[in-house]
Amino acid sequence: MDTITPNRPPFAWSYSALNNFETCAKKFYHVNVAKDVKEEKGEALKWGDQAHAAMANALSHHSPLPDDMKKWQKWVEFARQPKCDWMKVEERMGMTEKMQPCEFFDKRHHVWFRTVADVLKVSNEVARVIDWKTGKSKTYLDQSTNTWQTDSEQLDLAAAVVFAHYPSVDTIRLDYVWLAEDFSTTNVIARQDLPQMWQRMLPRLNKLKQAHATGVYQPSPSGLCIKHCPVRSCQYHGIGNR
């Protein structure tokens, strides 16, 4: 069990922070809160950074993709079409707890939630958000629509921030592009869907808020503890849940 100091900063979060917390709260505490343990990037994460940078340069500057990524040129065109009023790449956005827009690093307002849109396109009341994925896909078959969907709330949360920043937008198309597996999944969220989305998210978020408020971050032993965790002080390090 770990307890943070009374001088902890106001609560702020991102989808990746929530995901890391849910994987193991103790590791999250040491790596993201106390920051007394540094987690080195593995090859998969480094490759992901390279892929994101290459796709951003291709879209923003029409730079050619590296030889080992040229097969993704069709996804560059996928992002460019259809035409829109404007497009931004690697767009950083923030939102306050009152669901008001703010800067990613805002000096005037407390940033409650942060997100980065790999690609953001807006045309009047319609927007589109694209997220490049370089890892293994997490999909399921939606029986109601008979379409493959992504088991993630990441872009739904990004959409909430887009709605906050662009009041004219009523509908957002959400595209996950699974580069390694060469396919995409698409969903659409309307402004009126936000209350239902937050209803799904709040139970998960409240656990993170509770840990922040109490300073208690419980370990979640798993197979990841054996070779993939840098928190050597944990009683499960190298052992996991055996």
# chains A, B, ... in the order shown; residues from 1 in each chain; ligands from 1
>>> residues_around(residues="Glu153 in chain A", least_positions_apart="3", cutoff="10 Å", atoms="only C-alpha atoms", output="NGL selection string")
:A and (15 or 150 or 156-159 or 197 or 200-201)
>>> write_last_selection(atoms="N, CA and C atoms", output="short mmCIF file (atom, residue, chain, number, x, y, z; two decimals), in the first residue's frame")
data_model
loop_
_atom_site.label_atom_id
_atom_site.label_comp_id
_atom_site.auth_asym_id
_atom_site.auth_seq_id
_atom_site.Cartn_x
_atom_site.Cartn_y
_atom_site.Cartn_z
N TYR A 15 -6.85 9.34 -20.38
CA TYR A 15 -7.25 7.95 -20.61
C TYR A 15 -6.09 7.01 -20.30
N THR A 150 -14.30 -1.19 -31.37
CA THR A 150 -13.12 -1.26 -30.51
C THR A 150 -13.53 -1.20 -29.05
N ASP A 156 -14.10 8.10 -27.27
CA ASP A 156 -15.32 8.69 -26.72
C ASP A 156 -14.96 9.87 -25.80
N LEU A 157 -13.90 9.69 -25.01
CA LEU A 157 -13.45 10.77 -24.14
C LEU A 157 -12.86 11.92 -24.94
N ALA A 158 -12.12 11.58 -25.99
CA ALA A 158 -11.60 12.63 -26.87
C ALA A 158 -12.74 13.42 -27.48
N ALA A 159 -13.81 12.71 -27.85
CA ALA A 159 -14.97 13.38 -28.43
C ALA A 159 -15.59 14.37 -27.45
N MET A 197 -22.29 8.15 -22.04
CA MET A 197 -20.87 7.81 -22.02
C MET A 197 -20.28 8.06 -20.64
N ARG A 200 -21.11 5.45 -18.11
CA ARG A 200 -20.25 4.26 -18.20
C ARG A 200 -18.88 4.51 -17.57
N MET A 201 -18.37 5.74 -17.75
CA MET A 201 -17.01 6.03 -17.33
C MET A 201 -16.88 6.33 -15.84
#
>>> select_by_dssp(residues="range 2-239 of chain A", states="strand (DSSP E)", output="number ranges by chain")
A: 13-14, 86-95, 101-102, 113-123, 126-133, 139-142, 147-150, 171-178, 183-190
>>> closest_residue(among="A:Arg242, A:Lys46, A:Arg108, A:Lys207", to="Leu224 in chain A", atoms="only C-alpha atoms")
A:Arg242
>>> select_by_dssp(residues="range 81-164 of chain A", states="alpha helix (DSSP H)", output="VMD selection string")
chain A and resid 154 to 164
>>> residues_around(residues="range 23-32 of chain A", least_positions_apart="2", cutoff="9 Å", atoms="only C-alpha atoms", output="NGL selection string")
:A and (1-4 or 17-21 or 34-39 or 208 or 211 or 216-222 or 229-231 or 234)
>>> atom_distance(atom1="CA of Lys70 in chain A", atom2="CA of Ala54 in chain A")
10.0 Å
>>> residues_around(residues="Val126 in chain A", least_positions_apart="6", cutoff="8 Å", atoms="only C-alpha atoms", output="PyMOL selection string")
chain A and resi 169-173
>>> closest_residue(among="A:Val162, A:Val111, A:Cys102, A:Gly223", to="Pro10 in chain A", atoms="only C-alpha atoms")
A:Val111
>>> residues_around(residues="Met87 in chain A", least_positions_apart="3", cutoff="9 Å", atoms="only C-alpha atoms", output="mmCIF file with C-alpha atoms, in the first residue's frame")
data_model
loop_
_atom_site.group_PDB
_atom_site.id
_atom_site.type_symbol
_atom_site.label_atom_id
_atom_site.label_comp_id
_atom_site.auth_asym_id
_atom_site.auth_seq_id
_atom_site.Cartn_x
_atom_site.Cartn_y
_atom_site.Cartn_z
ATOM 1 C CA SER A 60 1.050 17.844 -42.030
ATOM 2 C CA ARG A 80 -7.243 13.114 -45.822
ATOM 3 C CA CYS A 84 -13.036 19.246 -44.548
ATOM 4 C CA VAL A 119 -6.022 13.585 -36.381
ATOM 5 C CA LEU A 120 -8.860 16.070 -35.853
ATOM 6 C CA LYS A 121 -11.050 17.263 -38.735
ATOM 7 C CA VAL A 122 -13.944 19.699 -38.438
#
>>> residues_around(residues="Trp47 in chain A", least_positions_apart="4", cutoff="8 Å", atoms="only C-alpha atoms", output="number ranges by chain")
A: 43, 51, 134
>>> atom_distance(atom1="CA of Ala160 in chain A", atom2="CA of Trp178 in chain A")
22.3 Å
>>> atom_distance(atom1="CA of His212 in chain A", atom2="CA of Thr96 in chain A")
17.2 Å
>>> residues_around(residues="Phe78 in chain A", least_positions_apart="6", cutoff="10 Å", atoms="only C-alpha atoms", output="PyMOL selection string")
chain A and resi 72+130+177
>>> closest_residue(among="A:Asn187, A:Asn124, A:Gln192, A:Asn206", to="Asp142 in chain A", atoms="only C-alpha atoms")
A:Asn187
>>> decode(residues="range 83-94 of chain A", atoms="N, CA and C atoms", output="CSV table (one decimal), in the first residue's frame")
chain,number,residue,atom,x,y,z
A,83,LYS,N,-12.7,15.8,-47.8
A,83,LYS,CA,-12.2,17.1,-47.5
A,83,LYS,C,-13.0,17.7,-46.4
A,84,CYS,N,-12.4,18.6,-45.7
A,84,CYS,CA,-13.0,19.2,-44.5
A,84,CYS,C,-12.6,20.7,-44.5
A,85,ASP,N,-13.2,21.5,-43.6
A,85,ASP,CA,-12.9,22.9,-43.4
A,85,ASP,C,-11.5,23.0,-43.0
A,86,TRP,N,-11.1,22.2,-42.0
A,86,TRP,CA,-9.7,22.2,-41.6
A,86,TRP,C,-9.3,20.9,-40.9
A,87,MET,N,-8.0,20.6,-40.8
A,87,MET,CA,-7.5,19.4,-40.2
A,87,MET,C,-6.3,19.8,-39.3
A,88,LYS,N,-6.3,19.2,-38.1
A,88,LYS,CA,-5.1,19.4,-37.2
A,88,LYS,C,-4.6,18.0,-36.9
A,89,VAL,N,-3.3,18.0,-36.7
A,89,VAL,CA,-2.6,16.7,-36.4
A,89,VAL,C,-1.9,16.8,-35.0
A,90,GLU,N,-2.0,15.7,-34.2
A,90,GLU,CA,-1.4,15.7,-32.9
A,90,GLU,C,-2.0,16.9,-32.1
A,91,GLU,N,-3.3,17.1,-32.1
A,91,GLU,CA,-3.9,18.2,-31.5
A,91,GLU,C,-4.1,17.9,-30.0
A,92,ARG,N,-3.4,18.8,-29.1
A,92,ARG,CA,-3.5,18.6,-27.7
A,92,ARG,C,-4.7,19.5,-27.2
A,93,MET,N,-5.5,18.9,-26.3
A,93,MET,CA,-6.7,19.7,-25.8
A,93,MET,C,-6.9,19.3,-24.3
A,94,GLY,N,-7.4,20.3,-23.6
A,94,GLY,CA,-7.8,20.1,-22.2
A,94,GLY,C,-9.2,20.4,-21.9
